[in-house]
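Data block below; observations after.
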Amino acid sequence: MRADVNTRLLVLLGLLPSLALGQVQPAVPPPAAPPPQPAAAPKAAPPPPAASSPSGQTTPAPQAKPPTTGPAPTAAEAPKGPAEKAGQPLFDEALQDYFADHKETAARKLYAFIEGSPPTDENHPWAQYFLARCFIDLGLRHAGAVYLARVARERSNPQVLPRTLEALRTLILVPHDEVLIDEQVFGSLDLGFLPDSVSDYANYEQGLVDLRVGNERWANTHFTKLEEGSVEASRAKFALLVTRLRKLEGKDVPDDMIEDFLALSNDEKLTQEARNEARLAVARLRYERKDFEGALKAYDMVQLPSLDPGRATLYLEEAWTRYNLGQLRAAMGLLTTLDAPSFREEFLPDKYILRALVYRDLCHYLPAKRAAKELTRRYAESLESIRERDDLTLDTRLRAAASSHGSTKRAARFRDSLGRENELKSRYAGGFGDRLFSQTTKIYELAIAEAERVYRQRLQEAVREEADKLLRAAEQVRLMEYEVGLKLYERIKRGAKLVQPEKQTPLAEGQEAFRFDGEYWNDELRSYRVSIPSRCVDEGAL
Amino acid sequence: MRRLLLLLVCLAPLAARAQEELENPGVVLAVQDRTYRMNSELMLAIGVLPLDAFTKGISGQVSYTFHFSDSFAWQIGRFLYSQNVATGLQNQLTRDFGVNPTAFPQTIWIAGSDVMWTPIYGKFAWLNSSVAHFEIYGLAGVSVANQRVSSDVAAGTTSTQFLPGADLGIGWRFYLTKSVSLRFEVMDNVLFATSGIQNIMVVNIGVAFNFGSTE
């Protein structure tokens, strides 16, 4: 009667996609690229001869290859005919507005310049860069990313490239278009032309792309180019370890792999979150090897910020570990933690099984039965949906569970952020003018449609996994009910005595005890201790 | 029959409790290491002596306390000096009613030593975004006070007297950091004078510095 031990390994393996998509961030976020001062701005370029048609009309500037979120906006798609020819004065005015903090006006003029000048114009990439910065400063990060990605891909002016890549690196710290930035920019850059400041990151990203398609050798060629001791080198080690772990597929985990994860868990160059992931990896691997004491030590190493409720999976895994160590009351304390409002929406079918197991082991059969049945009661609608072969993405609980982690969570966050930016965009209708506003609208419409598609696709797969998890738990509940039913009506032999109550651990010097009355305090979540007597009879007492 | 019903009514809560115990067995405690622990404490405080109708004392106090445990400490020494400010009542009595107070003691300083008992250590949520800790403690000890007595107000003659006494107090400590806390306390010094018992109340607010606290 052990609920799904191997799910831990699956959870650990689930790290890989998140790594691949840049979820493990550097310890110190790269600094935002400061906008160059006007003095550093590009020199005036001669009027673009190629831009004018013989008739004197300006030819719309050819645009870069569009991102996968849809075709890139071009001047030809602008609402009111071809753009007017733009010259150096317009660019200078736009820069003045930009540095005077008139971002909306600057954006309008920069867009007019981009439309009215050829891509061969020396200032064309600068205009795109500054337009992107205007968008970012105005809160329209995705629109900014689109233009930065174009500058990065076109690379028509080497001076703009470092600033562009730095700006893109700051954007990956928030929900972003992973295909546009991670894959199409950093994943496909020609590394020979990159400045040192971003070459490590690009090598890391390209190594991840190789890892994701299963080519560890190619990934290693990228990772070996990373500067030893750099943030990216640590992250690459983590990614490689997770990939190797994935390849083990149930075989025994070698000691050195655990040691490597342990070393990463103390690597200050990784973020606290990434170090915690490494600690969790150590704990899970030790658990799989039935080294429960070692696993517990690794769980204890997980550091949470002050008053941070932490993650439900952490508590549940620790509870399982303590249960396996026979620390039933400590396990029950952690299950109390999981009832906190912070975790009320968490999808944790295992929680009910474990509580039932603890009660059963302490011979509290009615509570055991009740705890087990709580699962089927709580998830009745979801179980019904599964049985009826309904569309599981419509089930609220399963959808929430699927969207709460991994790539589906990232897709949901990006989709939501696009929605917010799209609403924000309408504030700038006046300042942007018709042409830029129409262009921005088009960018967001395409991006939202694509983000929705990606989210739906990932959701479909994720809800299926959650449904499997729920079905396995429901099966455990039936077994538990049967087992408890047998115990409940078992005859007690005459003369049998209750087992000796476990001695209460007294409070140590410097400890305080606050009686729990149903009110959860975040600072107490890891401190609950349950005092519950055993009702088992000692057959040996006869 | 009526007695039986009465008995059933009396037993109902017990039965309900037994049922609750059966369904939700166990007691849950949040056991935590104390965030703040005191060791050697130096306090600087300001306060008032509010009870005397003729003068109000503005006081400054310094004290040193050694904490033997989280709940028991010895305030080894405290010294309070009071700067007295006339309320105008004496002038009013002389001017409007032609009477003078006969013996007119003003407290100059008080020194003493106390035991401190801290039965309450708690925490509260500050704006639902942080947790702050506090203690409530009691003080009991002995005091000696120095007073200036205006034996003849009209002639302007004064004398000094030392009075022994006992004191009782209650205080509230609010922790700012592991080393610094704020103390607010009210103490009553019961002084045994030949003319009878005097109550000198002191209201203090002070900053306490903690040295050598254990984690």
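Here's how to read the names in the structure tokens: chain A, B, ... by the order shown, residue numbers from 1 in each chain, ligand numbers from 1 in the order shown.
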
Wanna dump the chain A-chain B contacts at 10 Å for me, each residue with its shortest atom pair and the distance in Å to one decimal, counting only C-alpha atoms, ordered by chain and number, as a Markdown table?
| residue | atom | partner | partner_atom | distance |
| --- | --- | --- | --- | --- |
| A:Ser306 | CA | B:Ser130 | CA | 8.9 |
| A:Leu307 | CA | B:Ser130 | CA | 7.5 |
| A:Arg329 | CA | B:Gly26 | CA | 9.3 |
| A:Met332 | CA | B:Val28 | CA | 9.2 |
| A:Gly333 | CA | B:Val28 | CA | 7.3 |
| A:Thr336 | CA | B:Val28 | CA | 8.3 |
| A:Tyr359 | CA | B:Pro25 | CA | 9.1 |
| A:His364 | CA | B:Leu22 | CA | 7.9 |
| A:Tyr365 | CA | B:Glu23 | CA | 9.5 |
| A:Leu366 | CA | B:Glu23 | CA | 6.8 |
| A:Pro367 | CA | B:Glu23 | CA | 5.4 |
| A:Ala368 | CA | B:Glu23 | CA | 9.2 |
| A:Arg370 | CA | B:Glu23 | CA | 8.3 |
| A:Ala371 | CA | B:Glu23 | CA | 9.9 |
| A:Leu507 | CA | B:Val31 | CA | 7.9 |
| A:Ala508 | CA | B:Asp33 | CA | 8.7 |
| A:Glu509 | CA | B:Asp70 | CA | 8.6 |
| A:Gly510 | CA | B:Arg34 | CA | 5.5 |
| A:Gln511 | CA | B:Asp33 | CA | 4.3 |
| A:Glu512 | CA | B:Gln32 | CA | 5.4 |
| A:Ala513 | CA | B:Val31 | CA | 4.4 |
| A:Phe514 | CA | B:Ala30 | CA | 5.0 |
| A:Arg515 | CA | B:Leu29 | CA | 4.5 |
| A:Phe516 | CA | B:Leu29 | CA | 5.2 |
| A:Asp517 | CA | B:Val28 | CA | 8.0 |
| A:Gly518 | CA | B:Val28 | CA | 9.3 |
| A:Tyr520 | CA | B:Ala30 | CA | 9.7 |
| A:Trp521 | CA | B:Ala125 | CA | 8.9 |
| A:Asn522 | CA | B:Val131 | CA | 9.3 |
| A:Asp523 | CA | B:Val131 | CA | 8.1 |
| A:Glu524 | CA | B:Ala30 | CA | 6.1 |
| A:Leu525 | CA | B:Ala30 | CA | 8.1 |
| A:Arg526 | CA | B:Ala30 | CA | 8.4 |
| A:Ser527 | CA | B:Ala30 | CA | 5.1 |
| A:Tyr528 | CA | B:Ala30 | CA | 4.3 |
| A:Arg529 | CA | B:Leu29 | CA | 5.2 |
| A:Val530 | CA | B:Val28 | CA | 4.5 |
| A:Ser531 | CA | B:Val27 | CA | 5.1 |
| A:Ile532 | CA | B:Gly26 | CA | 4.0 |
| A:Pro533 | CA | B:Gly26 | CA | 7.0 |
| A:Ser534 | CA | B:Pro25 | CA | 9.8 |

**Request:** For segment 108-113 of chain B, please output as a PyMOL selection string all residues within 6 Å (counting only C-alpha atoms; exclusion window: fewer than 3 positions along the same chain).
**Result:** chain B and resi 75-82+141-147

Show which residues sit within 7 Å of Thr87 of chain B, as a PDB file with all heavy atoms, in the first residue's frame. Count only C-alpha atoms, and ignore same-chain residues fewer than 3 positions away.
ATOM      1  N   PHE B  54       1.870  68.292  42.732  1.00  0.00           N
ATOM      2  CA  PHE B  54       2.609  69.566  42.768  1.00  0.00           C
ATOM      3  C   PHE B  54       3.734  69.628  41.743  1.00  0.00           C
ATOM      4  O   PHE B  54       4.026  70.673  41.177  1.00  0.00           O
ATOM      5  CB  PHE B  54       3.187  69.786  44.173  1.00  0.00           C
ATOM      6  CG  PHE B  54       2.122  69.944  45.210  1.00  0.00           C
ATOM      7  CD1 PHE B  54       1.825  68.917  46.080  1.00  0.00           C
ATOM      8  CD2 PHE B  54       1.404  71.134  45.298  1.00  0.00           C
ATOM      9  CE1 PHE B  54       0.816  69.061  47.020  1.00  0.00           C
ATOM     10  CE2 PHE B  54       0.406  71.272  46.244  1.00  0.00           C
ATOM     11  CZ  PHE B  54       0.101  70.236  47.109  1.00  0.00           C
ATOM     12  N   THR B  55       4.353  68.506  41.511  1.00  0.00           N
ATOM     13  CA  THR B  55       5.425  68.478  40.505  1.00  0.00           C
ATOM     14  C   THR B  55       5.276  67.220  39.657  1.00  0.00           C
ATOM     15  O   THR B  55       4.800  66.186  40.127  1.00  0.00           O
ATOM     16  CB  THR B  55       6.823  68.424  41.165  1.00  0.00           C
ATOM     17  OG1 THR B  55       6.872  67.296  42.020  1.00  0.00           O
ATOM     18  CG2 THR B  55       7.139  69.697  41.924  1.00  0.00           C
ATOM     19  N   LYS B  56       5.687  67.357  38.418  1.00  0.00           N
ATOM     20  CA  LYS B  56       5.739  66.185  37.534  1.00  0.00           C
ATOM     21  C   LYS B  56       7.207  65.939  37.217  1.00  0.00           C
ATOM     22  O   LYS B  56       7.943  66.880  36.857  1.00  0.00           O
ATOM     23  CB  LYS B  56       4.989  66.439  36.218  1.00  0.00           C
ATOM     24  CG  LYS B  56       3.509  66.760  36.385  1.00  0.00           C
ATOM     25  CD  LYS B  56       2.724  65.595  36.968  1.00  0.00           C
ATOM     26  CE  LYS B  56       1.271  66.002  37.216  1.00  0.00           C
ATOM     27  NZ  LYS B  56       0.590  65.078  38.142  1.00  0.00           N
TER      28      LYS B  56
END

**Asked** Taking into account only C-alpha atoms, which residue in the set A:Gln159, A:Thr221, A:Thr105, A:Gln457 is nearest to Glu122 of chain A?
**Response** A:Gln159

**Message:** If we count only C-alpha atoms and set the cut-off at 12 Å, which residues sit around Leu161 of chain A, ignoring sequence neighbours fewer than 2 positions away in its own chain? Please answer as a PyMOL selection string.
**Reply:** chain A and resi 33+125-126+128-129+148-159+163-168+185+189+193-199

**Message:** Which residue is closest to Ala340 of chain A? Choose from A:Arg311, A:Arg360, A:Arg322, A:Lys487 and count only C-alpha atoms.
**Reply:** A:Arg311

**Message:** Give me, as a PyMOL selection string, the residues of segment 156-390 of chain A that a backbone DSSP run labels alpha helix (DSSP H).
**Reply:** chain A and resi 160-171+196-212+216-223+231-248+255-265+272-288+292-301+312-324+328-338+349-361+365-378+380-387

Would you pick out the contacts of His142 of chain A at 8 Å or less, using only C-alpha atoms, so that residues sharing its chain but fewer than 4 positions from it are not included, and give the list as a tab-separated table (two decimals) with C-alpha atoms, in the first residue's frame?
chain	number	residue	atom	x	y	z
A	136	ILE	CA	9.42	47.97	-23.01
A	146	VAL	CA	9.59	41.48	-31.47
A	176	HIS	CA	8.20	35.75	-22.80
A	177	ASP	CA	7.87	34.16	-26.21
A	418	LEU	CA	0.04	39.18	-23.40
A	421	GLU	CA	-0.19	44.11	-22.33
A	444	TYR	CA	-0.53	41.39	-30.17

**Request:** Run DSSP on the backbone of this structure and report the residues of segment 102-185 of chain B it assigns to strand (DSSP E or B), as a VMD selection string.
**Result:** chain B and resid 104 to 126 130 to 152 157 to 175 180 to 185

**Request:** Could you please determine the separation between atom CA of His67 of chain B and atom CA of Glu41 of chain B in Å, to one decimal place?
**Result:** 7.8 Å

**Asked** What is the atom CA of Ala233 of chain A-atom CA of Ala202 of chain A distance in Å, reported with one decimal?
**Response** 11.8 Å
